[in-house]
file start_15.cif (mmCIF, C-alpha atoms)
data_final
#
loop_
_atom_site.label_atom_id
_atom_site.label_comp_id
_atom_site.auth_asym_id
_atom_site.auth_seq_id
_atom_site.Cartn_x
_atom_site.Cartn_y
_atom_site.Cartn_z
CA MET Q 1 -35.70 -49.44 38.24
CA SER Q 2 -34.18 -47.99 35.07
CA VAL Q 3 -32.19 -44.77 35.15
CA THR Q 4 -33.32 -41.90 32.91
CA TYR Q 5 -30.60 -39.58 31.66
CA LYS Q 6 -31.05 -35.99 30.55
CA ILE Q 7 -29.40 -35.65 27.14
CA TYR Q 8 -28.75 -32.23 25.59
CA ASP Q 9 -28.40 -31.55 21.87
CA PHE Q 10 -25.00 -30.08 21.03
CA PRO Q 11 -25.34 -26.60 19.47
CA THR Q 12 -25.38 -26.43 15.69
CA PHE Q 13 -22.99 -23.47 15.50
CA PRO Q 14 -20.20 -23.41 12.86
CA ILE Q 15 -17.09 -25.49 13.51
CA SER Q 16 -13.69 -25.51 11.83
CA LYS Q 17 -12.49 -29.01 12.79
CA GLN Q 18 -13.96 -32.31 13.93
CA LEU Q 19 -12.25 -35.65 14.62
CA PHE Q 20 -13.73 -38.96 15.78
CA HIS Q 21 -11.19 -41.47 17.07
CA VAL Q 22 -10.87 -44.54 19.27
CA PRO Q 23 -7.66 -44.22 21.30
CA GLY Q 24 -7.75 -47.70 22.85
CA ALA Q 25 -8.61 -49.56 26.01
CA SER Q 26 -6.91 -47.27 28.54
CA VAL Q 27 -8.74 -43.98 28.02
CA ASP Q 28 -9.31 -41.94 31.15
CA GLY Q 29 -12.76 -40.49 31.65
CA GLY Q 30 -14.96 -43.25 30.19
CA ILE Q 31 -18.48 -43.34 31.64
CA THR Q 32 -20.48 -46.53 32.07
CA SER Q 33 -24.27 -46.63 31.91
CA GLY Q 34 -24.28 -46.60 35.72
CA GLY Q 35 -22.26 -43.41 35.85
CA ALA Q 36 -18.94 -44.90 37.05
CA ARG Q 37 -15.74 -43.35 35.67
CA ILE Q 38 -13.13 -46.04 34.98
CA ARG Q 39 -10.14 -46.53 32.69
CA SER Q 40 -10.78 -49.75 30.77
CA PRO Q 41 -14.47 -50.66 30.78
CA GLU Q 42 -14.49 -53.12 27.90
CA PRO Q 43 -12.40 -54.29 24.93
CA GLY Q 44 -11.72 -51.53 22.46
CA GLY Q 45 -11.91 -48.65 24.90
CA PHE Q 46 -14.09 -45.58 24.56
CA SER Q 47 -14.34 -43.37 21.51
CA MET Q 48 -13.65 -39.65 21.56
CA LEU Q 49 -14.88 -36.69 19.55
CA GLU Q 50 -12.82 -33.51 19.21
CA ILE Q 51 -14.49 -30.33 17.95
CA GLN Q 52 -12.95 -26.95 17.25
CA PRO Q 53 -15.66 -24.28 17.11
CA SER Q 54 -15.26 -21.47 14.62
CA LEU Q 55 -15.28 -17.86 15.75
CA GLN Q 56 -18.85 -17.29 16.90
CA ASP Q 57 -20.18 -13.91 15.74
CA GLY Q 58 -23.86 -14.26 16.72
CA GLU Q 59 -23.48 -14.52 20.47
CA TRP Q 60 -25.51 -11.35 21.16
CA ILE Q 61 -28.58 -12.98 19.61
CA HIS Q 62 -27.99 -16.67 20.36
CA PRO Q 63 -25.52 -17.10 23.25
CA LEU Q 64 -24.84 -20.75 22.46
CA SER Q 65 -21.21 -20.56 23.56
CA SER Q 66 -22.37 -19.37 26.97
CA TRP Q 67 -24.86 -22.25 27.18
CA LEU Q 68 -22.24 -24.83 26.22
CA MET Q 69 -19.75 -23.50 28.77
CA SER Q 70 -22.28 -24.43 31.46
CA LYS Q 71 -22.44 -28.06 30.27
CA THR Q 72 -19.03 -29.15 31.54
CA ASN Q 73 -20.02 -30.79 34.81
CA GLY Q 74 -20.82 -34.26 33.55
CA GLU Q 75 -23.87 -33.38 31.43
CA ILE Q 76 -24.48 -35.71 28.48
CA LEU Q 77 -24.43 -34.14 25.02
CA ARG Q 78 -25.56 -35.61 21.70
CA VAL Q 79 -23.67 -34.44 18.62
CA ARG Q 80 -24.68 -34.89 14.98
CA LEU Q 81 -21.39 -35.23 13.13
CA ALA Q 82 -20.71 -32.41 10.70
CA PRO Q 83 -19.49 -32.96 7.11
CA THR Q 84 -15.80 -33.95 7.12
CA PRO Q 85 -13.80 -36.55 5.15
CA GLN Q 86 -14.67 -39.03 7.93
CA VAL Q 87 -18.38 -38.79 7.02
CA ALA Q 88 -18.88 -40.79 3.82
CA SER Q 89 -21.95 -38.86 2.70
CA SER Q 90 -20.14 -35.51 2.83
CA ARG Q 91 -18.97 -36.09 -0.75
CA VAL Q 92 -20.58 -39.02 -2.54
CA ILE Q 93 -20.54 -40.15 -6.16
CA LEU Q 94 -24.05 -41.45 -6.81
CA PRO Q 95 -25.01 -43.83 -9.65
CA ASP Q 96 -25.15 -42.37 -13.18
CA VAL Q 97 -22.97 -39.42 -12.19
CA ASN Q 98 -19.73 -38.87 -14.08
CA MET Q 99 -16.77 -39.94 -11.99
CA GLY Q 100 -15.42 -36.39 -11.98
CA GLU Q 101 -18.59 -34.92 -10.47
CA PHE Q 102 -19.57 -34.93 -6.83
CA ASN Q 103 -22.89 -34.36 -5.14
CA GLN Q 104 -21.88 -32.07 -2.32
CA TRP Q 105 -23.23 -33.07 1.10
CA VAL Q 106 -26.05 -35.43 0.28
CA GLY Q 107 -26.69 -36.06 3.98
CA ASN Q 108 -28.00 -39.46 4.98
CA ILE Q 109 -28.44 -42.19 2.40
CA PRO Q 110 -31.23 -44.68 3.18
CA LEU Q 111 -29.21 -47.73 4.24
CA VAL Q 112 -30.06 -50.65 6.51
CA PHE Q 113 -28.04 -53.30 8.29
CA GLY Q 114 -28.29 -56.65 6.52
CA ALA Q 115 -27.77 -59.01 9.45
CA ASP Q 116 -28.16 -59.28 13.20
CA SER Q 117 -25.10 -58.32 15.27
CA LEU Q 118 -24.82 -58.59 19.04
CA SER Q 119 -23.64 -55.95 21.47
CA GLY Q 120 -19.92 -56.34 22.17
CA THR Q 121 -19.12 -57.78 18.74
CA THR Q 122 -17.39 -55.89 15.94
CA SER Q 123 -18.75 -57.27 12.65
CA ILE Q 124 -21.70 -55.74 10.77
CA GLU Q 125 -23.17 -56.06 7.28
CA ILE Q 126 -24.62 -53.34 5.01
CA ASP Q 127 -25.91 -53.61 1.44
CA PHE Q 128 -24.39 -50.95 -0.84
CA SER Q 129 -25.62 -52.46 -4.11
CA GLU Q 130 -27.58 -49.31 -4.98
CA TYR Q 131 -24.75 -46.87 -4.27
CA GLY Q 132 -21.47 -48.65 -4.93
CA GLN Q 133 -18.45 -48.88 -2.68
CA ILE Q 134 -18.78 -45.43 -1.10
CA LEU Q 135 -17.83 -46.57 2.42
CA GLN Q 136 -14.14 -47.17 3.07
CA VAL Q 137 -11.71 -47.76 5.92
CA GLY Q 138 -11.48 -44.64 8.07
CA HIS Q 139 -15.08 -43.53 7.59
CA VAL Q 140 -17.45 -43.23 10.58
CA ILE Q 141 -20.88 -44.87 10.57
CA GLY Q 142 -23.65 -45.00 13.13
CA HIS Q 143 -26.42 -47.02 14.70
CA GLU Q 144 -29.01 -45.15 16.75
CA PHE Q 145 -26.95 -42.62 18.76
CA ASP Q 146 -23.55 -44.37 18.64
CA SER Q 147 -20.65 -43.84 16.23
CA TYR Q 148 -18.16 -46.42 14.97
CA LYS Q 149 -14.94 -46.18 12.95
CA VAL Q 150 -14.67 -48.50 9.94
CA ASP Q 151 -11.54 -50.52 10.75
CA GLU Q 152 -11.83 -53.12 7.98
CA ILE Q 153 -14.26 -53.53 5.08
CA GLU Q 154 -14.75 -56.16 2.39
CA TYR Q 155 -17.31 -56.00 -0.45
CA ASP Q 156 -18.67 -59.08 -2.24
CA GLU Q 157 -19.62 -59.20 -5.93
CA ASN Q 158 -22.99 -57.59 -5.13
CA ASN Q 159 -21.43 -54.73 -3.10
CA VAL Q 160 -22.68 -56.12 0.19
CA ALA Q 161 -20.11 -54.98 2.74
CA THR Q 162 -18.86 -56.94 5.73
CA ILE Q 163 -17.41 -54.34 8.09
CA ILE Q 164 -15.26 -54.53 11.22
CA VAL Q 165 -15.83 -51.53 13.48
CA LYS Q 166 -14.21 -49.89 16.50
CA PRO Q 167 -15.23 -49.62 19.29
CA PRO Q 168 -17.33 -52.79 19.74
CA LEU Q 169 -21.07 -52.44 19.25
CA ARG Q 170 -22.76 -50.74 22.19
CA ARG Q 171 -26.15 -52.37 21.56
CA ASP Q 172 -27.68 -55.17 19.48
CA ILE Q 173 -28.27 -54.51 15.80
CA THR Q 174 -31.26 -56.17 14.14
CA ASP Q 175 -31.46 -56.98 10.45
CA GLY Q 176 -33.27 -53.99 8.88
CA ASP Q 177 -32.15 -51.36 11.42
CA THR Q 178 -31.18 -48.01 9.91
CA ALA Q 179 -27.46 -47.55 9.22
CA LEU Q 180 -26.38 -43.90 9.44
CA LEU Q 181 -23.66 -42.48 7.23
CA ARG Q 182 -24.01 -39.21 9.14
CA PRO Q 183 -23.98 -40.60 12.66
CA TYR Q 184 -24.56 -39.26 16.15
CA PHE Q 185 -22.06 -39.21 19.02
CA THR Q 186 -23.12 -39.25 22.67
CA GLY Q 187 -20.58 -38.04 25.20
CA GLN Q 188 -19.43 -35.76 28.00
CA ILE Q 189 -16.98 -32.86 27.85
CA VAL Q 190 -13.72 -33.91 29.53
CA ASN Q 191 -11.60 -30.77 29.07
CA SER Q 192 -13.72 -28.03 30.60
CA GLU Q 193 -10.70 -25.89 31.47
CA GLU Q 194 -9.81 -25.60 27.76
CA ILE Q 195 -13.18 -24.33 26.53
CA LEU Q 196 -13.75 -21.68 29.19
CA THR Q 197 -12.66 -18.31 27.90
CA THR Q 198 -12.94 -14.60 28.60
CA TYR Q 199 -16.57 -13.79 27.94
CA ASP Q 200 -17.28 -10.10 27.43
CA SER Q 201 -18.43 -7.52 24.91
CA GLU Q 202 -14.96 -6.30 23.97
CA ASN Q 203 -15.02 -8.02 20.57
CA ASN Q 204 -18.62 -7.13 19.71
CA GLY Q 205 -19.85 -10.45 21.03
CA MET Q 206 -17.49 -12.60 18.95
CA ILE Q 207 -16.38 -15.61 21.01
CA GLN Q 208 -13.55 -18.00 20.17
CA MET Q 209 -13.86 -21.15 22.24
CA GLY Q 210 -11.05 -23.63 22.67
CA LYS Q 211 -11.11 -27.21 21.38
CA ILE Q 212 -13.88 -29.33 22.89
CA ILE Q 213 -13.10 -32.97 23.69
CA LEU Q 214 -15.97 -35.35 24.42
CA SER Q 215 -15.59 -38.85 25.79
CA GLU Q 216 -18.18 -41.43 24.80
CA VAL Q 217 -21.05 -42.19 27.14
CA VAL Q 218 -22.66 -45.63 26.86
CA ILE Q 219 -26.34 -45.51 27.79
#
call {"tool": "encode", "arguments": {"input": "start_15.cif", "output": "C-alpha cells"}}
result
Amino acid sequence: MSVTYKIYDFPTFPISKQLFHVPGASVDGGITSGGARIRSPEPGGFSMLEIQPSLQDGEWIHPLSSWLMSKTNGEILRVRLAPTPQVASSRVILPDVNMGEFNQWVGNIPLVFGADSLSGTTSIEIDFSEYGQILQVGHVIGHEFDSYKVDEIEYDENNVATIIVKPPLRRDITDGDTALLRPYFTGQIVNSEEILTTYDSENNGMIQMGKIILSEVVI
C-alpha cells in the first residue's frame, strides 16, 4: 500500500535571502520516502534550502508567520524558489535583445529534457538552441518538485547542453519532460528553534522571523 503525504505550500511572503546548496553525503536530518531520518541515505547527500524572511508587516491581515511557525514538527513543505542569481530565469538575455539589456524576471522558459535519465544518475540533457547558453555552473534547475545544482555543463555547436547535477536524480526523467528554470524544493524545517520568535502586537504586527533551513524530503 502506498503512503500518501500531506504537502503544504510554503508561504509567498517577501524574503531577503535564499540559498540552495548540497552539503554532501553526511547531512544530518535527511528524510527517506519511508520517513526514516538517517545521515547518509545515498551518494551525493541531501540538498538544503536556506531562507531568510523579510520583516513581515501584514501579519494582522494574513498571519502567515504564525502559520509557518506551526509547521516545524516534521511537516513537508513545498517551496517555489524566488528570483536570485541561482535561478537562471531571474535575469535572462533573450534572443534579439542587445547584450546590455536584460528582461527582468521572465519566470519559466518553456524547456524540455532531451533524453531519458534514470533515478540515481547525474547526467541530463536540455536543448537551449532557442535561448542560447543562459544556464551555467552554479544555477539551480528542476524536474517536477525536485531541485538540482548545475555542477558541470557543456554545450555542443547547437547549444544542446549536457549537464551534471547534484544531488543525483530523485526520479526518472523521460525525454520531453518539462525542465524548470524556476524549480520547486520539497523539504522539512530542521531548525525550528531558530524561527520561533516573540509573537505579539508590540511592533504593530511586524514580525521578523529567523533564518529557515529546510532539508530535502524525497517522496
call {"tool": "residues_around", "arguments": {"input": "start_15.cif", "residues": "Q:Phe128", "least_positions_apart": "5", "cutoff": "10 Å", "atoms": "all atoms listed in the file", "output": "number ranges by chain"}}
result
Q: 111-112, 133-135, 155, 158-161
call {"tool": "atom_distance", "arguments": {"input": "start_15.cif", "atom1": "atom CA of Q:Pro23", "atom2": "atom CA of Q:Val165"}}
result
13.5 Å
call {"tool": "residues_around", "arguments": {"input": "start_15.cif", "residues": "Q:Pro11", "least_positions_apart": "6", "cutoff": "10 Å", "atoms": "only C-alpha atoms", "output": "NGL selection string"}}
result
:Q and (64-65 or 67-68 or 77-80)
call {"tool": "closest_residue", "arguments": {"input": "start_15.cif", "among": "Q:Gln86, Q:Asp57, Q:Gly45, Q:Asp172", "to": "Q:Leu19", "atoms": "all atoms listed in the file"}}
result
Q:Gln86
call {"tool": "closest_residue", "arguments": {"input": "start_15.cif", "among": "Q:Ser47, Q:Gln52, Q:Thr121, Q:Ser89", "to": "Q:Leu180", "atoms": "only C-alpha atoms"}}
result
Q:Ser89
call {"tool": "axis_aligned_box", "arguments": {"input": "start_15.cif", "around": "stretch 57-71 of chain Q", "padding_each_side": "8 Å", "output": "JSON"}}
result
{"center_x": -24.2, "center_y": -19.7, "center_z": 23.6, "size_x": 24.8, "size_y": 32.7, "size_z": 31.7}
call {"tool": "resolve_selection", "arguments": {"input": "start_15.cif", "expression": "the PyMOL selection byres ((chain Q and resi 74) around 9)", "output": "mmCIF file with C-alpha atoms, in the frame of the given file"}}
result
data_model
loop_
_atom_site.group_PDB
_atom_site.id
_atom_site.type_symbol
_atom_site.label_atom_id
_atom_site.label_comp_id
_atom_site.auth_asym_id
_atom_site.auth_seq_id
_atom_site.Cartn_x
_atom_site.Cartn_y
_atom_site.Cartn_z
ATOM 1 C CA LYS Q 71 -22.440 -28.060 30.270
ATOM 2 C CA THR Q 72 -19.030 -29.150 31.540
ATOM 3 C CA ASN Q 73 -20.020 -30.790 34.810
ATOM 4 C CA GLU Q 75 -23.870 -33.380 31.430
ATOM 5 C CA ILE Q 76 -24.480 -35.710 28.480
ATOM 6 C CA GLN Q 188 -19.430 -35.760 28.000
ATOM 7 C CA ILE Q 189 -16.980 -32.860 27.850
ATOM 8 C CA VAL Q 190 -13.720 -33.910 29.530
#
call {"tool": "atom_distance", "arguments": {"input": "start_15.cif", "atom1": "atom CA of Q:Ile207", "atom2": "atom CA of Q:Gln18"}}
result
18.3 Å
call {"tool": "atom_distance", "arguments": {"input": "start_15.cif", "atom1": "atom CA of Q:Leu49", "atom2": "atom CA of Q:Ser16"}}
result
13.6 Å
call {"tool": "closest_residue", "arguments": {"input": "start_15.cif", "among": "Q:His21, Q:Arg170, Q:Lys211, Q:His139", "to": "Q:Ile153", "atoms": "all atoms listed in the file"}}
result
Q:His139
call {"tool": "residues_near_point", "arguments": {"input": "start_15.cif", "point": "(-11.7, -51.5, 5.5)", "cutoff": "6 Å", "atoms": "all atoms listed in the file", "output": "ChimeraX atom specification"}}
result
/Q:136-137,151-153
call {"tool": "residues_around", "arguments": {"input": "start_15.cif", "residues": "Q:Met69", "least_positions_apart": "5", "cutoff": "10 Å", "atoms": "only C-alpha atoms", "output": "list of chain:residue names"}}
result
Q:Leu64, Q:Ile189, Q:Ser192, Q:Glu193, Q:Ile195, Q:Leu196, Q:Thr197, Q:Met209
call {"tool": "residues_around", "arguments": {"input": "start_15.cif", "residues": "Q:Gly114", "least_positions_apart": "2", "cutoff": "7 Å", "atoms": "all atoms listed in the file", "output": "PyMOL selection string"}}
result
chain Q and resi 112+125-127+175-176
call {"tool": "residues_around", "arguments": {"input": "start_15.cif", "residues": "Q:Ile173", "least_positions_apart": "5", "cutoff": "7 Å", "atoms": "all atoms listed in the file", "output": "NGL selection string"}}
result
:Q and (116-118)
call {"tool": "closest_residue", "arguments": {"input": "start_15.cif", "among": "Q:Thr186, Q:Thr12, Q:Thr84, Q:Thr122", "to": "Q:Pro53", "atoms": "only C-alpha atoms"}}
result
Q:Thr12
call {"tool": "closest_residue", "arguments": {"input": "start_15.cif", "among": "Q:Ser54, Q:Ser215, Q:Ser66, Q:Thr4", "to": "Q:Ser147", "atoms": "only C-alpha atoms"}}
result
Q:Ser215
